[in-house]
Amino acid sequence: MGFNTRQIHAGVTPDPVTGAILTPIYQTTTYVQDSVDEYLAKGYSYSRSSNPTVRALEQKLANLEGGADATCYGTGMAALQAVYLAFLNAGDHAIVSDVVYGGTYRLSTKVFSRFGVSFSFVDTSQPGQLRQSLRPNTRLILTESPANPTLKLTDIAAVSAIAREAGVLHAVDNTFLTPYYQRPLELGADLVVHSTTKYFDGHNATVGGAVVARTKELDQALRFVQNAAGMILSPQAAFLTLQGCKTLSVRLERQSANALAIARFLEGHPQVERVCYPGLESFPQHELARRQASGFGAMLWFEVKGGVAAGKALMDGIRVWSLAENLGSVESLITHPVTMTHGAVEPAERLRVGITDGLVRASVGMEDVEDLIGALDAALALTRR
Ligand SMILES: Cc1ncc(COP(=O)(O)O)c(C=O)c1O
C-alpha cells in the first residue's frame, strides 16, 4: 500500500474491547495475567517492557521506514543513546558526521567518551575521508543527513557500502526528511534514528525518539537496552505522535513548498548574504539531494548582511515566526544555533564545520507563505538600521 494509506493505518487496529478507532492511551503500569502457566499470553507484562499505545507507534514507524521493527524512547537523544548502548563497548570506536545536532556531539564527547568509547567526527560527505578514519575497532558510523544545522548531505548509499565492506553498522539520523522523503534502509543503512519530537509529532506537543532496525536481531539488541535501562516513551506521547503521523506527508509537502518559496525570496533579497536550501540550484549538493531523497524538506538557513548584530535584530524583531528551539512543527520557528541548539559544541569546532555566529536557522511551518515572507521582509528591514 502507498505511504499515505500506511501513515494512517499501519500499526493501528480498532480497540478489541470497544472498537475505538484510535489506539487508546493505555495508562497502566501492569497487566493482569491469566495464570502462571499462561504468563504473557496477551503479550504484555509491565509498561517498562512494553505498552500497547507505544507498540502501535513502533509498528507504524517500522512500516513507514521499511524496517523489521522499531523501538521508541522518551526523546530523540534517548534513541541515539540506545544505539550507543546496544552496539558500543568500552574500547570501541565510532565515526560520527562532523555536522550533527549539538546534543549528539555532547552525548558522544561528554558522556560516552567517559566509558571508554572513542569518537571521530568526520566529514562523511567525503567517502575517502571516511575510509581513512576507519580503525580495526570501529563498530558504528552515525550520519545525519541533512545535517543540523548546515544541511550538509551524506551519500547514504556510498557510506552504507563502505560500512558493509568494513563490517561496521551504519545508523542514519533521518529526523530532517522522515521516511516520506528519504528511506535510509532502502539505501543500505542498518538503523534509522528519529527525534519524533519533530515531523512525526509535527505540532510541538511531545518529545520522543525512535530507532528503526533493518533486522529483527538488531531490533532485539535495542529492545533489550530499552527495557534494561528503562528508556521508554510514555503512552500519552505515543498517542499524540500516532495522530501526528497521519498527516505527515501532507504537512511535509506544504512545509517544503513554503520553504522553497522562502528560500527563493531570501536569495533575491539585498539584505541577505547567503541562503542555503537543498532545493535551490545553488545548493552545493543539489544533485545528491535530488538523487537520494524525493523531497528537499522544510529546513533552511541564511546569513544576514551586517553580521551577528543584524541577525539578532532579525530574530528578536520577527513576527509570525517564533524564536524557539525545535523544528518540524506546523508553527514556523527561527533559531540561532550558536546560542541555542549547538551551544554544546566548542566554538572552534563549530566554526570548523561552518556553524557561523551569524547563521539563522529556519524551520518552515504551514502558515500562508505570503505571511511568512511578509514577516521576514519586515524583520529584514530592521537589520538595515
Ligand atoms: C537531527 C536531530 N537528532 C536528534 C535530536 C534530539 O532529539 P530530542 O530533542 O527529541 O531529544 C534533534 C533535536 O533537535 C535533532 O535535530
# chains A, B, ... in the order shown; residues from 1 in each chain; ligands from 1

$ closest_atom_pairs --of "chain A" --to "ligand 1" --cutoff "9 Å" --atoms "only C-alpha atoms and all ligand atoms" --output "CSV"
residue,atom,partner,partner_atom_place_in_ligand_line,distance
A:Gly74,CA,ligand 1,10 (O),7.7
A:Thr75,CA,ligand 1,11 (O),4.1
A:Gly76,CA,ligand 1,7 (O),3.4
A:Met77,CA,ligand 1,11 (O),3.9
A:Ala78,CA,ligand 1,11 (O),6.6
A:Ala79,CA,ligand 1,11 (O),7.9
A:Leu80,CA,ligand 1,4 (C),7.4
A:Val100,CA,ligand 1,1 (C),6.7
A:Tyr101,CA,ligand 1,2 (C),5.1
A:Gly102,CA,ligand 1,14 (O),7.9
A:Gly103,CA,ligand 1,6 (C),6.4
A:Thr104,CA,ligand 1,4 (C),6.7
A:Glu144,CA,ligand 1,1 (C),6.5
A:Ser145,CA,ligand 1,1 (C),8.2
A:Pro146,CA,ligand 1,1 (C),8.2
A:Ala147,CA,ligand 1,1 (C),6.7
A:Asn148,CA,ligand 1,1 (C),5.6
A:Pro149,CA,ligand 1,16 (O),8.0
A:Asp173,CA,ligand 1,1 (C),6.0
A:Asn174,CA,ligand 1,1 (C),7.1
A:Thr175,CA,ligand 1,1 (C),5.1
A:Phe176,CA,ligand 1,1 (C),6.3
A:Val193,CA,ligand 1,3 (N),7.6
A:His194,CA,ligand 1,3 (N),6.3
A:Ser195,CA,ligand 1,7 (O),4.3
A:Thr196,CA,ligand 1,10 (O),6.3
A:Thr197,CA,ligand 1,10 (O),4.9
A:Lys198,CA,ligand 1,10 (O),7.3
A:Thr206,CA,ligand 1,10 (O),8.5
A:Val207,CA,ligand 1,10 (O),5.0
A:Gly208,CA,ligand 1,10 (O),5.1
A:Gly209,CA,ligand 1,10 (O),5.7
A:Glu325,CA,ligand 1,14 (O),7.5
A:Asn326,CA,ligand 1,14 (O),5.7
A:Leu327,CA,ligand 1,14 (O),7.0
A:Thr341,CA,ligand 1,14 (O),6.8

$ write_last_selection --atoms "C-alpha atoms" --output "compact mmCIF listing (two decimals), in the first residue's frame"
# COMPACT_ATOMS: atom_id res chain seq x y z
CA GLY A 74 11.36 9.28 25.69
CA THR A 75 13.43 11.62 23.49
CA GLY A 76 15.47 11.58 20.31
CA MET A 77 18.60 11.74 22.47
CA ALA A 78 17.48 8.58 24.31
CA ALA A 79 17.07 6.89 20.91
CA LEU A 80 20.66 7.80 20.00
CA VAL A 100 25.32 16.80 13.80
CA TYR A 101 22.76 18.08 16.26
CA GLY A 102 24.64 19.64 19.22
CA GLY A 103 23.12 17.13 21.63
CA THR A 104 24.55 14.22 19.64
CA GLU A 144 22.95 12.80 9.93
CA SER A 145 21.66 13.83 6.52
CA PRO A 146 20.65 16.58 6.01
CA ALA A 147 22.74 17.66 8.97
CA ASN A 148 21.57 20.05 11.67
CA PRO A 149 22.05 22.97 11.10
CA ASP A 173 19.56 10.19 11.77
CA ASN A 174 16.64 10.79 9.37
CA THR A 175 14.91 13.39 11.52
CA PHE A 176 15.04 16.19 8.91
CA VAL A 193 17.17 7.17 14.22
CA HIS A 194 14.47 9.79 14.73
CA SER A 195 13.61 12.57 17.04
CA THR A 196 9.84 12.02 16.72
CA THR A 197 9.56 15.37 18.51
CA LYS A 198 9.97 16.92 15.07
CA THR A 206 5.69 15.99 22.67
CA VAL A 207 9.30 14.92 22.87
CA GLY A 208 10.11 11.42 21.72
CA GLY A 209 12.52 9.27 19.75
CA GLU A 325 14.29 25.57 19.68
CA ASN A 326 12.66 22.62 17.92
CA LEU A 327 11.85 22.11 14.27
CA THR A 341 20.75 24.15 19.56

$ residues_around --residues "Ser133 in chain A" --least-positions-apart "5" --cutoff "9 Å" --atoms "only C-alpha atoms" --output "list of chain:residue names"
A:Ile95, A:Ser120, A:Val122, A:Gly128, A:Thr138

$ write_last_selection --atoms "C-alpha atoms" --output "CSV table (one decimal), in the first residue's frame"
chain,number,residue,atom,x,y,z
A,95,ILE,CA,32.6,7.6,13.5
A,120,SER,CA,36.0,10.7,15.4
A,122,VAL,CA,34.4,13.0,10.2
A,128,GLY,CA,37.6,9.0,1.0
A,138,THR,CA,35.4,0.9,14.6

$ select_by_dssp --residues "range 126-316 of chain A" --states "strand (DSSP E or B)" --output "ChimeraX atom specification"
/A:138-144,169-173,191-195,209-213,272-276,299-304

$ closest_residue --among "A:Leu142, A:Leu323, A:Leu351, A:Cys72" --to "Thr124 in chain A" --atoms "only C-alpha atoms"
A:Leu142

$ closest_residue --among "A:Ser160, A:Thr5, A:Ser294, A:Thr150" --to "Arg131 in chain A" --atoms "only C-alpha atoms"
A:Ser160

$ residues_around --residues "range 378-383 of chain A" --least-positions-apart "4" --cutoff "6 Å" --atoms "only C-alpha atoms" --output "JSON list (two decimals) with N, CA and C atoms, in the first residue's frame"
[["chain", "number", "residue", "atom", "x", "y", "z"],
["A", 310, "ALA", "N", 23.05, 42.12, 13.11],
["A", 310, "ALA", "CA", 21.90, 42.19, 12.20],
["A", 310, "ALA", "C", 21.04, 40.92, 12.33],
["A", 313, "ALA", "N", 19.01, 41.19, 15.42],
["A", 313, "ALA", "CA", 17.90, 42.15, 15.26],
["A", 313, "ALA", "C", 16.75, 41.47, 14.53],
["A", 314, "LEU", "N", 17.07, 40.67, 13.52],
["A", 314, "LEU", "CA", 16.02, 39.96, 12.78],
["A", 314, "LEU", "C", 15.30, 38.96, 13.68],
["A", 317, "GLY", "N", 13.18, 40.66, 16.34],
["A", 317, "GLY", "CA", 12.09, 41.52, 15.89],
["A", 317, "GLY", "C", 11.04, 40.83, 15.04],
["A", 318, "ILE", "N", 11.27, 39.59, 14.67],
["A", 318, "ILE", "CA", 10.37, 38.95, 13.69],
["A", 318, "ILE", "C", 9.01, 38.62, 14.31]]

$ residues_around --residues "Asp368 in chain A" --least-positions-apart "2" --cutoff "10 Å" --atoms "only C-alpha atoms" --output "list in words"
Arg254, Gln255, Asn258, Gly365, Met366, Glu370, Asp371, Leu372 and Ile373 of chain A

$ write_last_selection --atoms "N, CA and C atoms" --output "compact mmCIF listing (two decimals), in the first residue's frame"
# COMPACT_ATOMS: atom_id res chain seq x y z
N ARG A 254 3.46 20.61 2.13
CA ARG A 254 3.11 22.02 2.27
C ARG A 254 4.29 22.81 2.85
N GLN A 255 4.91 22.26 3.89
CA GLN A 255 6.02 22.96 4.54
C GLN A 255 7.21 23.09 3.58
N ASN A 258 6.51 25.76 1.03
CA ASN A 258 6.73 27.06 1.67
C ASN A 258 8.23 27.36 1.76
N GLY A 365 7.03 26.34 8.64
CA GLY A 365 5.78 25.68 9.04
C GLY A 365 4.74 25.73 7.94
N MET A 366 3.49 25.66 8.37
CA MET A 366 2.39 25.51 7.42
C MET A 366 1.53 26.75 7.26
N GLU A 370 2.69 33.78 2.12
CA GLU A 370 2.75 35.24 1.99
C GLU A 370 2.99 35.87 3.37
N ASP A 371 2.36 35.30 4.40
CA ASP A 371 2.53 35.85 5.76
C ASP A 371 3.95 35.61 6.25
N LEU A 372 4.49 34.43 5.95
CA LEU A 372 5.85 34.11 6.39
C LEU A 372 6.87 35.01 5.69
N ILE A 373 6.68 35.21 4.39
CA ILE A 373 7.59 36.05 3.63
C ILE A 373 7.44 37.51 4.06

$ select_by_dssp --residues "range 41-241 of chain A" --states "helix (DSSP H, G or I)" --output "MDAnalysis selection string"
chainID A and resid 52:65 76:87 102:115 127:133 156:166 178:181 216:228 235:241

$ closest_residue --among "A:Phe200, A:Tyr277, A:Tyr26, A:Phe3" --to "Ala289 in chain A" --atoms "only C-alpha atoms"
A:Tyr277

$ residues_around --residues "range 36-47 of chain A" --least-positions-apart "2" --cutoff "12 Å" --atoms "only C-alpha atoms" --output "PyMOL selection string"
chain A and resi 26-34+49-55+226-227+230-235

$ closest_residue --among "A:Ala228, A:Ile262, A:Ala70, A:Met315" --to "Ala298 in chain A" --atoms "only C-alpha atoms"
A:Ile262

$ atom_distance --atom1 "CA of Arg223 in chain A" --atom2 "CA of Asp190 in chain A"
15.4 Å

$ closest_atom_pairs --of "range 226-326 of chain A" --to "range 58-69 of chain A" --cutoff "9 Å" --atoms "only C-alpha atoms" --output "tab-separated table"
residue	atom	partner	partner_atom	distance
A:Ala238	CA	A:Glu58	CA	8.9
A:Leu242	CA	A:Lys60	CA	8.1
A:Cys245	CA	A:Lys60	CA	8.5

$ closest_residue --among "A:Arg183, A:Arg319, A:His203, A:Arg106" --to "Ala293 in chain A" --atoms "only C-alpha atoms"
A:Arg183

$ residues_around --residues "range 108-118 of chain A" --least-positions-apart "2" --cutoff "8 Å" --atoms "only C-alpha atoms" --output "PyMOL selection string"
chain A and resi 88-94+104-106+120

$ atom_distance --atom1 "CA of Val304 in chain A" --atom2 "CA of Ala348 in chain A"
21.4 Å

$ atom_distance --atom1 "CA of Gly297 in chain A" --atom2 "CA of Tyr181 in chain A"
7.7 Å
